[in-house]
Each structure stands twice: as structure tokens, then as C-alpha cells.
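Engineer: input_20.cif is the file, holding mmCIF, C-alpha atoms:
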```cif
data_my_file
#
loop_
_atom_site.group_PDB
_atom_site.id
_atom_site.type_symbol
_atom_site.label_atom_id
_atom_site.label_comp_id
_atom_site.auth_asym_id
_atom_site.auth_seq_id
_atom_site.Cartn_x
_atom_site.Cartn_y
_atom_site.Cartn_z
ATOM 1 C CA MET A 1 -45.457 40.098 -16.532
ATOM 2 C CA SER A 2 -42.888 42.040 -14.610
ATOM 3 C CA THR A 3 -42.490 39.216 -12.055
ATOM 4 C CA ARG A 4 -41.511 36.677 -14.734
ATOM 5 C CA LYS A 5 -38.754 38.914 -16.077
ATOM 6 C CA SER A 6 -37.364 39.371 -12.606
ATOM 7 C CA MET A 7 -37.299 35.548 -12.068
ATOM 8 C CA THR A 8 -35.190 34.640 -15.120
ATOM 9 C CA LEU A 9 -31.975 36.187 -13.847
ATOM 10 C CA PRO A 10 -31.996 34.302 -10.478
ATOM 11 C CA ILE A 11 -32.863 31.042 -12.275
ATOM 12 C CA ILE A 12 -29.952 31.454 -14.694
ATOM 13 C CA ILE A 13 -27.568 32.288 -11.842
ATOM 14 C CA THR A 14 -28.786 29.255 -9.871
ATOM 15 C CA LEU A 15 -28.274 26.936 -12.865
ATOM 16 C CA ILE A 16 -24.759 28.292 -13.406
ATOM 17 C CA MET A 17 -23.936 27.717 -9.721
ATOM 18 C CA ILE A 18 -25.267 24.120 -9.890
ATOM 19 C CA VAL A 19 -23.134 23.409 -12.972
ATOM 20 C CA ILE A 20 -20.045 24.846 -11.236
ATOM 21 C CA ILE A 21 -20.648 22.735 -8.116
ATOM 22 C CA ILE A 22 -21.123 19.563 -10.186
ATOM 23 C CA TYR A 23 -17.929 20.325 -12.108
ATOM 24 C CA LEU A 24 -15.964 20.810 -8.884
ATOM 25 C CA PHE A 25 -17.178 17.494 -7.454
ATOM 26 C CA ALA A 26 -16.424 15.692 -10.708
ATOM 27 C CA THR A 27 -12.842 16.938 -10.826
ATOM 28 C CA ILE A 28 -11.854 16.246 -7.212
ATOM 29 C CA LYS A 29 -8.475 14.553 -7.277
ATOM 30 C CA GLN A 30 -7.806 11.327 -5.491
ATOM 31 C CA THR A 31 -5.290 11.662 -2.719
ATOM 32 C CA GLN A 32 -2.292 9.421 -2.295
ATOM 33 C CA VAL A 33 -0.747 8.416 0.984
ATOM 34 C CA VAL A 34 2.868 7.213 0.774
ATOM 35 C CA CYS A 35 4.302 5.405 3.796
ATOM 36 C CA GLU A 36 7.645 3.668 4.272
ATOM 37 C CA LYS A 37 9.203 1.461 6.917
ATOM 38 C CA THR A 38 12.706 0.026 7.203
ATOM 39 C CA LYS A 39 13.593 -2.796 9.576
ATOM 40 C CA ILE A 40 17.099 -4.089 10.216
ATOM 41 C CA PHE A 41 17.403 -7.647 11.525
ATOM 42 C CA ASP A 42 20.350 -9.715 12.789
ATOM 43 C CA ASP A 43 23.462 -9.658 10.579
ATOM 44 C CA ASP A 44 22.306 -6.400 8.885
ATOM 45 C CA VAL A 45 19.496 -7.969 6.844
ATOM 46 C CA ARG A 46 17.264 -5.056 5.748
ATOM 47 C CA LEU A 47 13.588 -5.061 4.891
ATOM 48 C CA GLU A 48 12.149 -1.940 3.296
ATOM 49 C CA GLU A 49 8.412 -1.595 2.730
ATOM 50 C CA ARG A 50 6.749 1.163 0.757
ATOM 51 C CA VAL A 51 2.966 1.506 0.619
ATOM 52 C CA VAL A 52 1.168 3.850 -1.753
ATOM 53 C CA ALA A 53 -2.555 4.021 -1.034
ATOM 54 C CA THR A 54 -4.870 5.906 -3.369
ATOM 55 C CA LEU A 55 -7.924 7.209 -1.568
ATOM 56 C CA ASP A 56 -11.138 8.540 -3.012
ATOM 57 C CA GLY A 57 -13.060 10.319 -0.317
ATOM 58 C CA LYS A 58 -13.178 7.935 2.630
ATOM 59 C CA ASN A 59 -12.257 4.680 0.857
ATOM 60 C CA ILE A 60 -9.029 3.077 -0.261
ATOM 61 C CA GLU A 61 -9.286 2.688 -4.042
ATOM 62 C CA MET A 62 -5.865 1.150 -4.832
ATOM 63 C CA LEU A 63 -2.856 -0.223 -2.974
ATOM 64 C CA ASN A 64 0.683 -0.413 -4.378
ATOM 65 C CA VAL A 65 3.209 -2.191 -2.176
ATOM 66 C CA THR A 66 6.951 -2.641 -2.664
ATOM 67 C CA LYS A 67 9.004 -4.844 -0.357
ATOM 68 C CA ASN A 68 12.792 -4.892 -0.717
ATOM 69 C CA VAL A 69 14.910 -7.502 1.056
ATOM 70 C CA ILE A 70 18.576 -6.479 1.103
ATOM 71 C CA LEU A 71 21.091 -9.077 2.223
ATOM 72 C CA PRO A 72 24.590 -8.136 3.398
ATOM 73 C CA GLU A 73 27.658 -9.351 1.492
ATOM 74 C CA LYS A 74 28.108 -12.459 3.618
ATOM 75 C CA TYR A 75 24.704 -13.757 2.358
ATOM 76 C CA ASN A 76 25.264 -12.773 -1.235
ATOM 77 C CA LYS A 77 24.257 -16.200 -2.457
ATOM 78 C CA ALA A 78 21.443 -16.906 -4.857
ATOM 79 C CA THR A 79 20.208 -19.739 -2.618
ATOM 80 C CA TYR A 80 19.186 -17.325 0.160
ATOM 81 C CA LEU A 81 17.353 -15.012 -2.232
ATOM 82 C CA ASN A 82 15.684 -17.972 -3.957
ATOM 83 C CA SER A 83 14.555 -19.326 -0.595
ATOM 84 C CA ILE A 84 13.098 -15.965 0.410
ATOM 85 C CA GLU A 85 11.424 -15.583 -2.987
ATOM 86 C CA PHE A 86 9.919 -19.074 -2.698
ATOM 87 C CA SER A 87 8.473 -18.238 0.730
ATOM 88 C CA LEU A 88 7.039 -14.968 -0.546
ATOM 89 C CA ARG A 89 5.555 -16.681 -3.616
ATOM 90 C CA ASN A 90 3.742 -19.141 -1.353
ATOM 91 C CA THR A 91 2.373 -16.295 0.771
ATOM 92 C CA LEU A 92 1.418 -13.970 -2.105
ATOM 93 C CA ASP A 93 0.039 -16.711 -4.348
ATOM 94 C CA TYR A 94 -3.518 -15.387 -3.945
ATOM 95 C CA LEU A 95 -2.600 -12.231 -5.881
ATOM 96 C CA ASP A 96 -1.850 -14.311 -9.011
ATOM 97 C CA ASN A 97 -0.018 -12.367 -11.717
ATOM 98 C CA LYS A 98 -0.198 -8.993 -9.933
ATOM 99 C CA VAL A 99 3.092 -9.733 -8.141
ATOM 100 C CA LYS A 100 6.478 -9.013 -9.715
ATOM 101 C CA TYR A 101 9.722 -10.428 -8.288
ATOM 102 C CA VAL A 102 13.081 -8.919 -9.241
ATOM 103 C CA VAL A 103 16.445 -10.211 -8.004
ATOM 104 C CA ASP A 104 19.298 -7.758 -8.464
ATOM 105 C CA GLY A 105 22.604 -8.646 -6.849
ATOM 106 C CA ASN A 106 21.895 -9.032 -3.164
ATOM 107 C CA THR A 107 18.408 -7.447 -3.295
ATOM 108 C CA LEU A 108 15.020 -9.071 -3.804
ATOM 109 C CA SER A 109 12.243 -6.647 -4.764
ATOM 110 C CA VAL A 110 8.617 -7.655 -4.600
ATOM 111 C CA ARG A 111 6.019 -5.318 -6.102
ATOM 112 C CA PHE A 112 2.293 -5.792 -6.197
ATOM 113 C CA SER A 113 -0.725 -3.674 -6.811
ATOM 114 C CA THR A 114 -4.418 -4.271 -6.318
ATOM 115 C CA ASP A 115 -7.628 -2.415 -6.906
ATOM 116 C CA LYS A 116 -9.835 -5.337 -5.880
ATOM 117 C CA LYS A 117 -11.024 -6.172 -2.384
ATOM 118 C CA GLU A 118 -8.016 -8.285 -1.384
ATOM 119 C CA VAL A 119 -6.361 -8.223 2.024
ATOM 120 C CA ILE A 120 -2.779 -6.964 1.963
ATOM 121 C CA LEU A 121 -0.482 -7.802 4.863
ATOM 122 C CA LEU A 122 2.238 -5.360 5.851
ATOM 123 C CA ASP A 123 5.044 -5.695 8.365
ATOM 124 C CA ASN A 124 4.691 -9.489 8.292
ATOM 125 C CA ILE A 125 8.252 -10.617 7.456
ATOM 126 C CA GLU A 126 10.991 -11.432 9.967
ATOM 127 C CA PHE A 127 14.480 -12.832 9.561
ATOM 128 C CA ILE A 128 15.942 -15.154 12.157
ATOM 129 C CA ASN A 129 19.598 -16.166 12.293
ATOM 130 C CA ASN A 130 20.233 -19.265 14.372
ATOM 131 C CA GLY A 131 23.269 -20.497 12.495
ATOM 132 C CA ASP A 132 21.474 -20.217 9.170
ATOM 133 C CA LEU A 133 19.353 -17.335 7.868
ATOM 134 C CA GLN A 134 15.630 -18.165 7.929
ATOM 135 C CA VAL A 135 12.649 -16.112 6.859
ATOM 136 C CA LYS A 136 9.446 -16.137 8.888
ATOM 137 C CA ILE A 137 6.331 -14.791 7.162
ATOM 138 C CA ASN A 138 3.225 -14.223 9.252
ATOM 139 C CA SER A 139 0.189 -14.735 7.019
ATOM 140 C CA ASN A 140 -2.393 -14.621 9.813
ATOM 141 C CA THR A 141 -4.781 -11.783 8.963
ATOM 142 C CA LYS A 142 -6.125 -11.693 12.527
ATOM 143 C CA SER A 143 -2.693 -11.350 14.137
ATOM 144 C CA SER A 144 -1.920 -8.159 16.022
ATOM 145 C CA ASP A 145 1.685 -8.438 14.806
ATOM 146 C CA VAL A 146 0.791 -7.535 11.210
ATOM 147 C CA VAL A 147 -0.885 -4.559 9.559
ATOM 148 C CA THR A 148 -3.810 -5.440 7.305
ATOM 149 C CA LEU A 149 -5.176 -3.158 4.606
ATOM 150 C CA SER A 150 -7.728 -3.801 1.928
ATOM 151 C CA VAL A 151 -9.208 -1.909 -0.979
ATOM 152 C CA GLY A 152 -12.524 -0.519 0.190
ATOM 153 C CA ASP A 153 -11.426 0.050 3.801
ATOM 154 C CA ASN A 154 -12.878 3.237 5.254
ATOM 155 C CA TYR A 155 -10.037 5.656 5.942
ATOM 156 C CA THR A 156 -9.536 9.306 5.278
ATOM 157 C CA ASP A 157 -5.976 10.219 4.339
ATOM 158 C CA GLY A 158 -5.294 11.496 7.864
ATOM 159 C CA GLU A 159 -6.745 8.374 9.517
ATOM 160 C CA LEU A 160 -4.710 6.073 7.263
ATOM 161 C CA MET A 161 -1.508 8.004 7.947
ATOM 162 C CA LYS A 162 -2.181 7.864 11.688
ATOM 163 C CA HIS A 163 -2.909 4.114 11.509
ATOM 164 C CA LEU A 164 0.336 3.405 9.665
ATOM 165 C CA LYS A 165 2.400 5.807 11.801
ATOM 166 C CA ASN A 166 1.161 3.982 14.906
ATOM 167 C CA ASN A 167 2.636 0.832 13.353
ATOM 168 C CA GLY A 168 6.093 2.328 12.768
ATOM 169 C CA TYR A 169 5.742 3.733 9.239
ATOM 170 C CA SER A 170 6.791 7.222 8.218
ATOM 171 C CA CYS A 171 4.227 8.851 5.955
ATOM 172 C CA LYS A 172 4.090 11.776 3.539
#
```
Would you put the structure from the file into C-alpha cells?
Structural biologist:
Amino acid sequence: MSTRKSMTLPIIITLIMIVIIIYLFATIKQTQVVCEKTKIFDDDVRLEERVVATLDGKNIEMLNVTKNVILPEKYNKATYLNSIEFSLRNTLDYLDNKVKYVVDGNTLSVRFSTDKKEVILLDNIEFINNGDLQVKINSNTKSSDVVTLSVGDNYTDGELMKHLKNNGYSCK
């Protein structure tokens, strides 16, 4: 009988430790990686990209992307912004209603978010000025000129930051 009494205390302590470990794993917070990149093209046309990736362990769970196109005063015409918006709508059509376009003065903001396994292209917009401002959007997912990310990609927060930093982004 004395051996059973001595076993109850270690069993209770073990059960308490298991409950604490399960609680700690259940409350692990998802990490967020925030990266930004600004490019300035001919005639001071600016493109700002901001990527917020939510990671859970070693997988990307959600991607929030904001792209801002800022035109200088000499292009402060609605036709240029409408043309750029039209090109972006054609490229981002696969995201359906997850994309929001906002025109404010000489700035076009494009915001989209996904938690599904959709490929997101970053650093894929260029502006060319050969007498008239033109936008060139690279939608080739296999191109080495663009950065592709997708929900479900295997990255730790450090690996994702390194990947984006190697492509010119500054990350927090």
C-alpha cells in the first residue's frame, strides 16, 4: 500500500506539467513579418510596396499587400491613374473582390489580402517614360525579376525576412 501512496504525487505533478505544456502550445502567437520597398522611376514616379505576412510556425498563414503608386505633379491627371488602375485590375483579377483600389489626388493605392493558396507577385511593376508614361506589369510567376509568395509557403520568420531583404525590401 505504501507504494501506491508514493505514486499519486508524481502522477499529479506529471498531469499538471502536461496541461501547462498543452496550454503553452495552444497560446503561441503568430508572428508577423512587415517588409517595405520603395522604387523611384523616371520623372519621380514612386512605387511603394508593403507586405505583411502572418506566419504560424513554418508556414505563411496570411498575406496583406499594399501598393502605392505616387505620380508627380506633372502627371496629376486622372487618365494616368485610370490607366494604371486598369492595368492592375487586369493583373489582379484572379483575386476577385479581395482587392481594393483607392485614388486620392495623385496617388493610387491598391490593397489586397489573402489567406488562401494564391500566388502573390511582388516587385512586378515598372514605369517607362518614352514620351508618354507607360506601366509595365510582369505577371510571369516563373520570372526571376519578380518575387512570388503564397499562403502555405514554408518559411520561418527569419527565412522570409532574409528572402525579402535579398530582393531589396527592408523588414521589421
Engineer: Just the residues within 12 Å of A:Ser144, please, counting all atoms listed in the file, with nothing from its chain fewer than 6 positions along; format it as a list in words.
Structural biologist: Leu121, Leu122, Asp123, Asn124, Asn138 and Asn167 of chain A
Engineer: Ranking A:Lys136, A:Lys142, A:Lys162, A:Lys172 by minimum distance to A:Thr91 and counting only C-alpha atoms, which one comes first?
Structural biologist: A:Lys136
Engineer: Using all atoms listed in the file, which of A:Asn130, A:Ser139, A:Thr8, A:Thr156 sits nearest A:Asp43?
Structural biologist: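 Nearest to A:Asp43: A:Asn130.
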Engineer: If the PyMOL selection byres ((chain A and resi 106) around 8) were run on this exact file, what residues would it hold? Put them as a PyMOL selection string.
Structural biologist: chain A and resi 70-73+75-77+81+103-105+107-108
Engineer: Closest to A:Phe112 among A:Thr141, A:Asn64, A:Asn59, A:Thr27, using all atoms listed in the file?
Structural biologist: A:Asn64
Engineer: Smallest atom-to-atom distance to A:Glu118: which of A:Tyr80, A:Phe86, A:Tyr94, A:Tyr169, using all atoms listed in the file?
Structural biologist: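 The shortest atom-to-atom distance to A:Glu118 comes from A:Tyr94.
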Engineer: To one decimal place, how far is atom CA of A:Ile120 from atom CA of A:Met62 in Å?
Structural biologist: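 Distance between the two atoms: 11.0 Å.
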Engineer: In terms of the shortest atom-to-atom distance over all atoms listed in the file, which of A:Gly168, A:Gly152, A:Gly158, A:Gly131 is closest to A:Lys116?
Structural biologist: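 For A:Lys116, the nearest of the candidates is A:Gly152.
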